[in-house]
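Student: Supplied in C-alpha cells, the structure appears directly below.
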Amino acid sequence: MTRTTTVANRSSALHAGAWWLWALGLATAASRTTNPLLLALLTGVAGYVVAARRTDAPWARSYGAFFKLGLAVIVIRLVFAVILGSPIPGTHTVLTLPEIPLPEWARGVRIGGRVTAEGLLFALTDGMKLATLLICVGAANALANPARLLKSLPGALYEAGVAVVVAMTFAPNLVADVQRLRAARRLRGRPDRGLKALLQVGLPVLEGALERSVALAAAMDARGYGRTAQVPPAVRRTTSALTLGGLLGVCAGTYGLLADTGAGYGAPVLVAGLAAALAGLWLGGRRSVRTRYRPDRWGARAWLVSASGTAVAALMIWAGDYAPAALHPPAVPLAAPELPVWPAVSVLVGLLPAFVAPAPGVASREGATTDGRRRTGGEGLLAAAAEGEPQPLPQLPLGGAPTFPEPGASPRTPTPEETPK
C-alpha cells in the first residue's frame, strides 16, 4: 500500500469525538422522556447506526454487552417494584405477595404486598430510561476508536491519555496470557479452574506484566516522556482556576440538561463551563513539549454526525415545552402510551450518521488494508501501532537465527538447500 493510499484512508476516517457527541445527544434526549415508545425508538436508532457503521475491531463488540446490561437494569427495576412496592398508587392488582411486617422506624417501606399494573408500568418506563442511556453509551464505545479518541486529547491531559492507552493496550495481552496458560495446563492434565489453578496461573501472568512494564518504561524514558516546558507561576494558577471552574460549570450544566426542570440554565452554564475548561486546557498544554503524529481531522462528516446528535437533544428539549404530556405519559390512570409525531421525527434525525459517516472498511487487527490487501512486515506493525492495536511480533523462520545481508549487498533468492522444509 502506498503512502498516498494510507493518508487518504486515514483522512476519510471519522473523528472519534464526533461519535461521542452524537451518542451523548441521543442520551440527553432519552433523559428528557419516559415515553416507552420514544425510548424504544431511540434504542432502535442507536442500534441501526451501530449495525451500519460498526467495524470488526475488538471494541466494536461492546454494544451487545451494553444492550444486555440495559435489559438487566429493566429486569432489576421490575423485581424491586414487585418486592419493595412502588410509590405510584394503582387500582389494577396483578398479584398479592405476603407482606413482611416492619418496625415503626421503617414506616413508608414495605416488603411484599399488593403489586399493581400502574406500579409495574412506572417501573418499566423508569428502567427503560436508564437502559437507553446505557445503550447510547454502548453505541459510542462500539463506533469510536478509544485509542484515537485518547490521542486527540489536549496537551494538558497527555499523561492521563497515555496511561489509559497503555492500560487498554496491555489488557488484551493479559487476557491472552491467561488463556494461553490455561490451555497449557489443560494439555498437561492439570485443572485450569478453581482457586489453586488461579494462583498458579496468576504468577506467570504477573511476571509477564512486569516484564512488559519495565520494557515500556525504558522505551518511554528513551523517547523523552514526562519532560515538560517551564511556564510562569501566574499561568499555572490561571490554568488551574479555569480548568476547575470550567469542570464545575460542565457538571452543573449537564445536571440541568439531564434533569426534568433546568434546561433554561443548563445550556448557558454548560457552554460557559466548556469555554472555561477549554481555555484552561489550552493554557495547560503549553507545558507539553510533544508534537502530534498524524492528528485526526474534524471534517464535514464529523460536523454532520455531531450536529445530528445535538439536533436530537435540542428538539427533544424543545418538545418538552409544547408537549410535556406526550413525553411523560402518566401511569395513573392506566392507558396505552401514544407515539407523538414531531418528537418521533426529531429522534429519526439521529439516523443521519448511518448515511453520511464513512462505511466500515475491511481492516482487521492483523494489518489488513481497507482495500483488502494485507500489510506485512514493518508496515503492518507500524500501522497497527498508529491505530493503538496490539499486534504479534513477526515469527522467525525455523532452523535458527535469521541472517542479515552485508551492508550494500543486493537481495538474493535462497537456494533449495537454504529453504526450510
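By convention in this document, the chains of the C-alpha cells carry letters A, B, ... by their order, each chain's residues are numbered from 1, and ligands are numbered from 1 in the order they are shown.
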Considering only C-alpha atoms, give me a table of residues in segment 255-365 of chain A that are at most 7 Å from segment 44-55 of chain A, with the closest atom pair and distance in Å for each, as CSV.

Tutor:
```
residue,atom,partner,partner_atom,distance
A:Leu348,CA,A:Val45,CA,6.9
A:Gly350,CA,A:Val45,CA,6.5
A:Leu351,CA,A:Val45,CA,6.0
A:Pro353,CA,A:Val49,CA,6.6
A:Ala354,CA,A:Val49,CA,5.0
A:Ala359,CA,A:Arg53,CA,5.9
A:Pro360,CA,A:Thr55,CA,5.3
```

Student: For the residues in that selection, give me N, CA, C and O atoms as a tab-separated table (two decimals), in the first residue's frame.

Tutor:
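Below is the file that was written, result-v2.tsv:
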```tsv
chain	number	residue	atom	x	y	z
A	348	LEU	N	-35.66	10.57	14.69
A	348	LEU	CA	-35.18	9.97	13.45
A	348	LEU	C	-34.04	10.77	12.82
A	348	LEU	O	-33.34	10.26	11.94
A	350	GLY	N	-31.42	11.33	14.24
A	350	GLY	CA	-30.22	10.63	14.69
A	350	GLY	C	-29.78	9.53	13.75
A	350	GLY	O	-28.69	8.97	13.94
A	351	LEU	N	-30.57	9.20	12.72
A	351	LEU	CA	-30.16	8.20	11.73
A	351	LEU	C	-29.20	8.75	10.69
A	351	LEU	O	-28.69	7.99	9.86
A	353	PRO	N	-26.03	9.67	10.75
A	353	PRO	CA	-24.70	9.07	10.63
A	353	PRO	C	-24.68	7.76	9.84
A	353	PRO	O	-23.64	7.40	9.29
A	354	ALA	N	-25.79	7.04	9.79
A	354	ALA	CA	-25.80	5.79	9.03
A	354	ALA	C	-25.65	6.02	7.53
A	354	ALA	O	-25.35	5.07	6.80
A	359	ALA	N	-18.24	4.33	5.36
A	359	ALA	CA	-18.55	2.92	5.54
A	359	ALA	C	-17.37	2.20	6.17
A	359	ALA	O	-16.21	2.55	5.92
A	360	PRO	N	-17.61	1.22	7.02
A	360	PRO	CA	-16.50	0.49	7.65
A	360	PRO	C	-15.71	-0.28	6.63
A	360	PRO	O	-16.27	-0.96	5.75
```

Student: Which of segment 81-280 of chain A counts as helix (DSSP H, G or I) under DSSP, as a VMD selection string please?

Tutor: chain A and resid 81 to 84 104 to 106 117 to 143 146 to 151 155 to 187 195 to 222 233 to 258 263 to 280

Student: Find the residues around Leu37 of chain A up to 8 Å (only C-alpha atoms counted), leave out those fewer than 4 positions away in its own chain, and share them as a ChimeraX atom specification.

Tutor: /A:41,337-339

Student: When you look at Leu95 of chain A with a cut-off of 10 Å (counting only C-alpha atoms), what residues show up, excluding the ones that are within fewer than 3 positions of it in the same chain? I need them as a PyMOL selection string.

Tutor: chain A and resi 82+92+113-117

Student: Can you write out the residues you just picked, keeping C-alpha atoms, as an mmCIF file, in the first residue's frame?

Tutor:
```cif
data_model
loop_
_atom_site.group_PDB
_atom_site.id
_atom_site.type_symbol
_atom_site.label_atom_id
_atom_site.label_comp_id
_atom_site.auth_asym_id
_atom_site.auth_seq_id
_atom_site.Cartn_x
_atom_site.Cartn_y
_atom_site.Cartn_z
ATOM 1 C CA VAL A 82 -42.546 -6.231 42.858
ATOM 2 C CA HIS A 92 -55.415 -2.783 38.872
ATOM 3 C CA GLY A 113 -47.913 -6.747 49.479
ATOM 4 C CA ARG A 114 -50.066 -5.732 46.563
ATOM 5 C CA VAL A 115 -48.471 -5.325 43.117
ATOM 6 C CA THR A 116 -50.397 -3.112 40.707
ATOM 7 C CA ALA A 117 -50.176 -2.717 36.946
#
```

Student: For the structure I just gave you, how does DSSP split segment 7-177 of chain A - specifically, which residues are strand (DSSP E or B)? Reply as an MDAnalysis selection string.

Tutor: chainID A and resid 93:100 111:116

Student: Put those residues in a file: all heavy atoms, as an mmCIF file, in the first residue's frame.

Tutor:
```cif
data_model
loop_
_atom_site.group_PDB
_atom_site.id
_atom_site.type_symbol
_atom_site.label_atom_id
_atom_site.label_comp_id
_atom_site.auth_asym_id
_atom_site.auth_seq_id
_atom_site.Cartn_x
_atom_site.Cartn_y
_atom_site.Cartn_z
ATOM 1 N N THR A 93 -54.846 -4.607 40.350
ATOM 2 C CA THR A 93 -53.951 -5.511 41.079
ATOM 3 C C THR A 93 -53.555 -6.675 40.183
ATOM 4 O O THR A 93 -54.415 -7.345 39.584
ATOM 5 C CB THR A 93 -54.639 -6.034 42.348
ATOM 6 O OG1 THR A 93 -55.018 -4.929 43.163
ATOM 7 C CG2 THR A 93 -53.687 -6.936 43.116
ATOM 8 N N VAL A 94 -52.231 -6.890 40.076
ATOM 9 C CA VAL A 94 -51.718 -8.000 39.284
ATOM 10 C C VAL A 94 -51.570 -9.244 40.141
ATOM 11 O O VAL A 94 -51.995 -10.331 39.767
ATOM 12 C CB VAL A 94 -50.377 -7.613 38.629
ATOM 13 C CG1 VAL A 94 -49.788 -8.782 37.849
ATOM 14 C CG2 VAL A 94 -50.559 -6.408 37.716
ATOM 15 N N LEU A 95 -50.940 -9.101 41.315
ATOM 16 C CA LEU A 95 -50.807 -10.203 42.268
ATOM 17 C C LEU A 95 -50.578 -9.611 43.634
ATOM 18 O O LEU A 95 -50.250 -8.422 43.778
ATOM 19 C CB LEU A 95 -49.664 -11.136 41.893
ATOM 20 C CG LEU A 95 -48.223 -10.605 42.084
ATOM 21 C CD1 LEU A 95 -47.262 -11.745 42.301
ATOM 22 C CD2 LEU A 95 -47.776 -9.789 40.889
ATOM 23 N N THR A 96 -50.757 -10.441 44.633
ATOM 24 C CA THR A 96 -50.567 -10.020 46.018
ATOM 25 C C THR A 96 -49.576 -10.966 46.674
ATOM 26 O O THR A 96 -49.804 -12.185 46.726
ATOM 27 C CB THR A 96 -51.893 -10.027 46.790
ATOM 28 O OG1 THR A 96 -52.828 -9.169 46.122
ATOM 29 C CG2 THR A 96 -51.692 -9.540 48.210
ATOM 30 N N LEU A 97 -48.474 -10.415 47.177
ATOM 31 C CA LEU A 97 -47.436 -11.196 47.846
ATOM 32 C C LEU A 97 -47.612 -11.107 49.355
ATOM 33 O O LEU A 97 -48.175 -10.125 49.873
ATOM 34 C CB LEU A 97 -46.050 -10.672 47.449
ATOM 35 C CG LEU A 97 -45.685 -10.738 45.956
ATOM 36 C CD1 LEU A 97 -44.321 -10.106 45.737
ATOM 37 C CD2 LEU A 97 -45.706 -12.167 45.471
ATOM 38 N N PRO A 98 -47.135 -12.101 50.085
ATOM 39 C CA PRO A 98 -47.160 -11.999 51.550
ATOM 40 C C PRO A 98 -46.309 -10.820 52.011
ATOM 41 O O PRO A 98 -45.157 -10.675 51.608
ATOM 42 C CB PRO A 98 -46.573 -13.334 52.010
ATOM 43 C CG PRO A 98 -46.721 -14.254 50.846
ATOM 44 C CD PRO A 98 -46.629 -13.407 49.621
ATOM 45 N N GLU A 99 -46.876 -9.973 52.840
ATOM 46 C CA GLU A 99 -46.176 -8.775 53.307
ATOM 47 C C GLU A 99 -45.494 -9.054 54.639
ATOM 48 O O GLU A 99 -46.100 -9.603 55.565
ATOM 49 C CB GLU A 99 -47.157 -7.610 53.442
ATOM 50 C CG GLU A 99 -46.470 -6.293 53.778
ATOM 51 C CD GLU A 99 -47.428 -5.123 53.712
ATOM 52 O OE1 GLU A 99 -48.598 -5.343 53.308
ATOM 53 O OE2 GLU A 99 -47.010 -3.994 54.041
ATOM 54 N N ILE A 100 -44.225 -8.657 54.727
ATOM 55 C CA ILE A 100 -43.437 -8.849 55.942
ATOM 56 C C ILE A 100 -43.606 -7.615 56.812
ATOM 57 O O ILE A 100 -43.324 -6.490 56.365
ATOM 58 C CB ILE A 100 -41.953 -9.071 55.595
ATOM 59 C CG1 ILE A 100 -41.802 -10.316 54.714
ATOM 60 C CG2 ILE A 100 -41.119 -9.195 56.867
ATOM 61 C CD1 ILE A 100 -40.378 -10.568 54.264
ATOM 62 N N ILE A 111 -42.158 -4.653 52.303
ATOM 63 C CA ILE A 111 -41.638 -5.810 51.570
ATOM 64 C C ILE A 111 -42.805 -6.739 51.305
ATOM 65 O O ILE A 111 -43.407 -7.293 52.225
ATOM 66 C CB ILE A 111 -40.537 -6.534 52.371
ATOM 67 C CG1 ILE A 111 -39.371 -5.587 52.630
ATOM 68 C CG2 ILE A 111 -40.060 -7.765 51.626
ATOM 69 C CD1 ILE A 111 -38.265 -6.209 53.472
ATOM 70 N N GLY A 112 -43.131 -6.910 50.029
ATOM 71 C CA GLY A 112 -44.281 -7.706 49.665
ATOM 72 C C GLY A 112 -45.526 -6.846 49.556
ATOM 73 O O GLY A 112 -45.474 -5.622 49.449
ATOM 74 N N GLY A 113 -46.653 -7.478 49.562
ATOM 75 C CA GLY A 113 -47.913 -6.747 49.479
ATOM 76 C C GLY A 113 -48.493 -6.768 48.083
ATOM 77 O O GLY A 113 -48.175 -7.627 47.249
ATOM 78 N N ARG A 114 -49.327 -5.781 47.820
ATOM 79 C CA ARG A 114 -50.066 -5.732 46.563
ATOM 80 C C ARG A 114 -49.204 -5.134 45.450
ATOM 81 O O ARG A 114 -48.545 -4.110 45.636
ATOM 82 C CB ARG A 114 -51.339 -4.892 46.752
ATOM 83 C CG ARG A 114 -52.346 -4.990 45.630
ATOM 84 C CD ARG A 114 -53.677 -4.372 46.078
ATOM 85 N NE ARG A 114 -53.505 -2.972 46.409
ATOM 86 C CZ ARG A 114 -53.752 -1.971 45.561
ATOM 87 N NH1 ARG A 114 -54.190 -2.236 44.334
ATOM 88 N NH2 ARG A 114 -53.590 -0.729 45.945
ATOM 89 N N VAL A 115 -49.211 -5.787 44.296
ATOM 90 C CA VAL A 115 -48.471 -5.325 43.117
ATOM 91 C C VAL A 115 -49.492 -4.909 42.075
ATOM 92 O O VAL A 115 -50.336 -5.710 41.656
ATOM 93 C CB VAL A 115 -47.549 -6.440 42.569
ATOM 94 C CG1 VAL A 115 -46.793 -5.929 41.338
ATOM 95 C CG2 VAL A 115 -46.584 -6.909 43.644
ATOM 96 N N THR A 116 -49.416 -3.658 41.640
ATOM 97 C CA THR A 116 -50.397 -3.112 40.707
ATOM 98 C C THR A 116 -49.784 -2.960 39.317
ATOM 99 O O THR A 116 -48.554 -2.857 39.157
ATOM 100 C CB THR A 116 -50.906 -1.744 41.192
ATOM 101 O OG1 THR A 116 -49.799 -0.827 41.254
ATOM 102 C CG2 THR A 116 -51.525 -1.872 42.574
#
```

Student: In Å to one decimal, how far is atom CA of Gly208 of chain A from atom CA of Arg223 of chain A?

Tutor: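 The value is 22.7 Å.
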
Student: Write out as a list in words which residues come within 9 Å of Leu124 of chain A when counting only C-alpha atoms, dropping same-chain ones fewer than 4 positions away.

Tutor: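 The residues satisfying every condition are Pro36, Ile74, Val75, Arg77, Leu78, Gly119, Leu120, Met128 and Lys129 of chain A.
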
Student: Which one of A:Gly256, A:Gly64, A:Gly320, A:Pro58 sits closest to Ala139 of chain A if you count only C-alpha atoms?

Tutor: A:Gly64

Student: Neighbours of Thr132 of chain A within 10 Å (only C-alpha atoms; same-chain residues fewer than 3 positions away dropped), as a list of chain:residue names?

Tutor: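 Once the nearby chain positions are removed, what remains is A:Leu26, A:Ala27, A:Ala29, A:Ala30, A:Ser31, A:Leu39, A:Ala40, A:Leu41, A:Leu42, A:Thr43, A:Gly44, A:Ala46, A:Phe66, A:Phe67, A:Gly70, A:Leu71, A:Gly127, A:Met128, A:Lys129, A:Ile135, A:Cys136, A:Val137, A:Gly138.
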
Student: Next, write the just-selected residues to a file, as a compact mmCIF listing (two decimals), in the first residue's frame, keeping all heavy atoms as the atom set.

Tutor:
```txt
# COMPACT_ATOMS: atom_id res chain seq x y z
N LEU A 26 -28.13 11.69 21.82
CA LEU A 26 -29.21 10.71 21.99
C LEU A 26 -29.48 10.43 23.46
O LEU A 26 -30.64 10.27 23.87
CB LEU A 26 -28.87 9.42 21.26
CG LEU A 26 -28.73 9.47 19.73
CD1 LEU A 26 -28.50 8.07 19.19
CD2 LEU A 26 -29.95 10.10 19.09
N ALA A 27 -28.43 10.35 24.28
CA ALA A 27 -28.62 10.10 25.70
C ALA A 27 -29.35 11.26 26.37
O ALA A 27 -30.20 11.06 27.25
CB ALA A 27 -27.26 9.86 26.37
N ALA A 29 -31.52 13.21 24.90
CA ALA A 29 -32.92 13.07 24.50
C ALA A 29 -33.62 11.99 25.31
O ALA A 29 -34.79 12.15 25.68
CB ALA A 29 -33.00 12.76 23.00
N ALA A 30 -32.92 10.89 25.59
CA ALA A 30 -33.54 9.83 26.38
C ALA A 30 -33.81 10.27 27.81
O ALA A 30 -34.77 9.79 28.44
CB ALA A 30 -32.62 8.59 26.38
N SER A 31 -32.99 11.15 28.33
CA SER A 31 -33.20 11.61 29.71
C SER A 31 -34.37 12.57 29.84
O SER A 31 -34.79 12.86 30.95
CB SER A 31 -31.92 12.29 30.22
OG SER A 31 -31.67 13.49 29.50
N LEU A 39 -38.47 5.91 23.83
CA LEU A 39 -37.24 5.27 24.30
C LEU A 39 -36.88 4.08 23.42
O LEU A 39 -35.71 3.86 23.09
CB LEU A 39 -37.42 4.83 25.75
CG LEU A 39 -37.56 5.95 26.78
CD1 LEU A 39 -37.86 5.38 28.16
CD2 LEU A 39 -36.30 6.81 26.84
N ALA A 40 -37.90 3.31 23.03
CA ALA A 40 -37.63 2.20 22.11
C ALA A 40 -37.16 2.70 20.75
O ALA A 40 -36.29 2.09 20.11
CB ALA A 40 -38.88 1.34 21.95
N LEU A 41 -37.69 3.84 20.30
CA LEU A 41 -37.25 4.41 19.02
C LEU A 41 -35.81 4.89 19.11
O LEU A 41 -35.02 4.70 18.16
CB LEU A 41 -38.18 5.56 18.63
CG LEU A 41 -37.95 6.19 17.25
CD1 LEU A 41 -38.12 5.16 16.15
CD2 LEU A 41 -38.90 7.37 17.05
N LEU A 42 -35.43 5.51 20.23
CA LEU A 42 -34.04 5.92 20.42
C LEU A 42 -33.10 4.71 20.42
O LEU A 42 -32.01 4.75 19.83
CB LEU A 42 -33.90 6.70 21.72
CG LEU A 42 -34.39 8.15 21.71
CD1 LEU A 42 -34.50 8.68 23.14
CD2 LEU A 42 -33.46 9.02 20.89
N THR A 43 -33.52 3.64 21.07
CA THR A 43 -32.72 2.42 21.07
C THR A 43 -32.58 1.85 19.66
O THR A 43 -31.50 1.41 19.26
CB THR A 43 -33.34 1.38 22.00
OG1 THR A 43 -33.46 1.93 23.32
CG2 THR A 43 -32.51 0.12 22.06
N GLY A 44 -33.66 1.87 18.90
CA GLY A 44 -33.59 1.39 17.52
C GLY A 44 -32.70 2.24 16.64
O GLY A 44 -31.96 1.71 15.79
N ALA A 46 -30.06 4.05 17.64
CA ALA A 46 -28.67 3.75 18.01
C ALA A 46 -28.24 2.39 17.47
O ALA A 46 -27.13 2.24 16.95
CB ALA A 46 -28.52 3.79 19.53
N PHE A 66 -23.47 -3.80 26.39
CA PHE A 66 -24.26 -2.69 26.94
C PHE A 66 -25.75 -2.95 26.76
O PHE A 66 -26.56 -2.57 27.63
CB PHE A 66 -23.86 -1.38 26.27
CG PHE A 66 -22.63 -0.75 26.86
CD1 PHE A 66 -21.37 -1.06 26.36
CD2 PHE A 66 -22.72 0.14 27.91
CE1 PHE A 66 -20.23 -0.48 26.91
CE2 PHE A 66 -21.60 0.72 28.45
CZ PHE A 66 -20.34 0.41 27.95
N PHE A 67 -26.13 -3.57 25.65
CA PHE A 67 -27.54 -3.88 25.44
C PHE A 67 -28.04 -4.89 26.49
O PHE A 67 -29.13 -4.72 27.05
CB PHE A 67 -27.74 -4.42 24.03
CG PHE A 67 -29.18 -4.56 23.63
CD1 PHE A 67 -29.89 -3.49 23.13
CD2 PHE A 67 -29.83 -5.78 23.77
CE1 PHE A 67 -31.23 -3.62 22.76
CE2 PHE A 67 -31.15 -5.93 23.41
CZ PHE A 67 -31.86 -4.84 22.91
N GLY A 70 -28.46 -3.14 29.74
CA GLY A 70 -29.71 -2.39 29.79
C GLY A 70 -30.90 -3.29 30.08
O GLY A 70 -31.79 -2.91 30.86
N LEU A 71 -30.95 -4.47 29.46
CA LEU A 71 -32.03 -5.41 29.77
C LEU A 71 -31.98 -5.85 31.23
O LEU A 71 -33.03 -5.99 31.88
CB LEU A 71 -31.94 -6.62 28.85
CG LEU A 71 -32.18 -6.37 27.36
CD1 LEU A 71 -32.03 -7.67 26.58
CD2 LEU A 71 -33.55 -5.75 27.11
N GLY A 127 -37.00 2.05 34.22
CA GLY A 127 -35.88 1.20 33.85
C GLY A 127 -35.47 1.37 32.39
O GLY A 127 -34.28 1.34 32.05
N MET A 128 -36.46 1.56 31.50
CA MET A 128 -36.13 1.77 30.08
C MET A 128 -35.35 3.07 29.88
O MET A 128 -34.50 3.16 28.99
CB MET A 128 -37.41 1.79 29.26
CG MET A 128 -38.07 0.45 29.07
SD MET A 128 -39.50 0.56 27.95
CE MET A 128 -38.70 1.10 26.44
N LYS A 129 -35.63 4.06 30.68
CA LYS A 129 -34.90 5.33 30.57
C LYS A 129 -33.42 5.14 30.86
O LYS A 129 -32.55 5.59 30.09
CB LYS A 129 -35.52 6.34 31.55
CG LYS A 129 -34.93 7.73 31.48
CD LYS A 129 -35.68 8.65 32.44
CE LYS A 129 -35.14 10.06 32.40
NZ LYS A 129 -35.89 10.95 33.31
N ILE A 135 -27.39 2.13 26.57
CA ILE A 135 -27.25 1.68 25.18
C ILE A 135 -26.62 2.77 24.32
O ILE A 135 -25.82 2.49 23.42
CB ILE A 135 -28.63 1.26 24.64
CG1 ILE A 135 -29.07 -0.04 25.33
CG2 ILE A 135 -28.61 1.09 23.14
CD1 ILE A 135 -30.48 -0.46 25.00
N CYS A 136 -26.95 4.03 24.58
CA CYS A 136 -26.33 5.13 23.83
C CYS A 136 -24.83 5.19 24.11
O CYS A 136 -24.02 5.40 23.19
CB CYS A 136 -26.99 6.45 24.19
SG CYS A 136 -28.71 6.61 23.62
N VAL A 137 -24.45 5.00 25.36
CA VAL A 137 -23.02 4.97 25.69
C VAL A 137 -22.36 3.76 25.02
O VAL A 137 -21.22 3.84 24.53
CB VAL A 137 -22.83 4.94 27.21
CG1 VAL A 137 -21.36 4.76 27.58
CG2 VAL A 137 -23.35 6.23 27.82
N GLY A 138 -23.05 2.63 25.00
CA GLY A 138 -22.50 1.46 24.31
C GLY A 138 -22.33 1.68 22.83
O GLY A 138 -21.38 1.17 22.22
```

Student: Can you work out the spacing between atom CA of Ala314 of chain A and atom CA of Ala275 of chain A in Å, to one decimal?

Tutor: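 Atom CA of Ala275 of chain A lies at a distance of 19.4 Å from atom CA of Ala314 of chain A.
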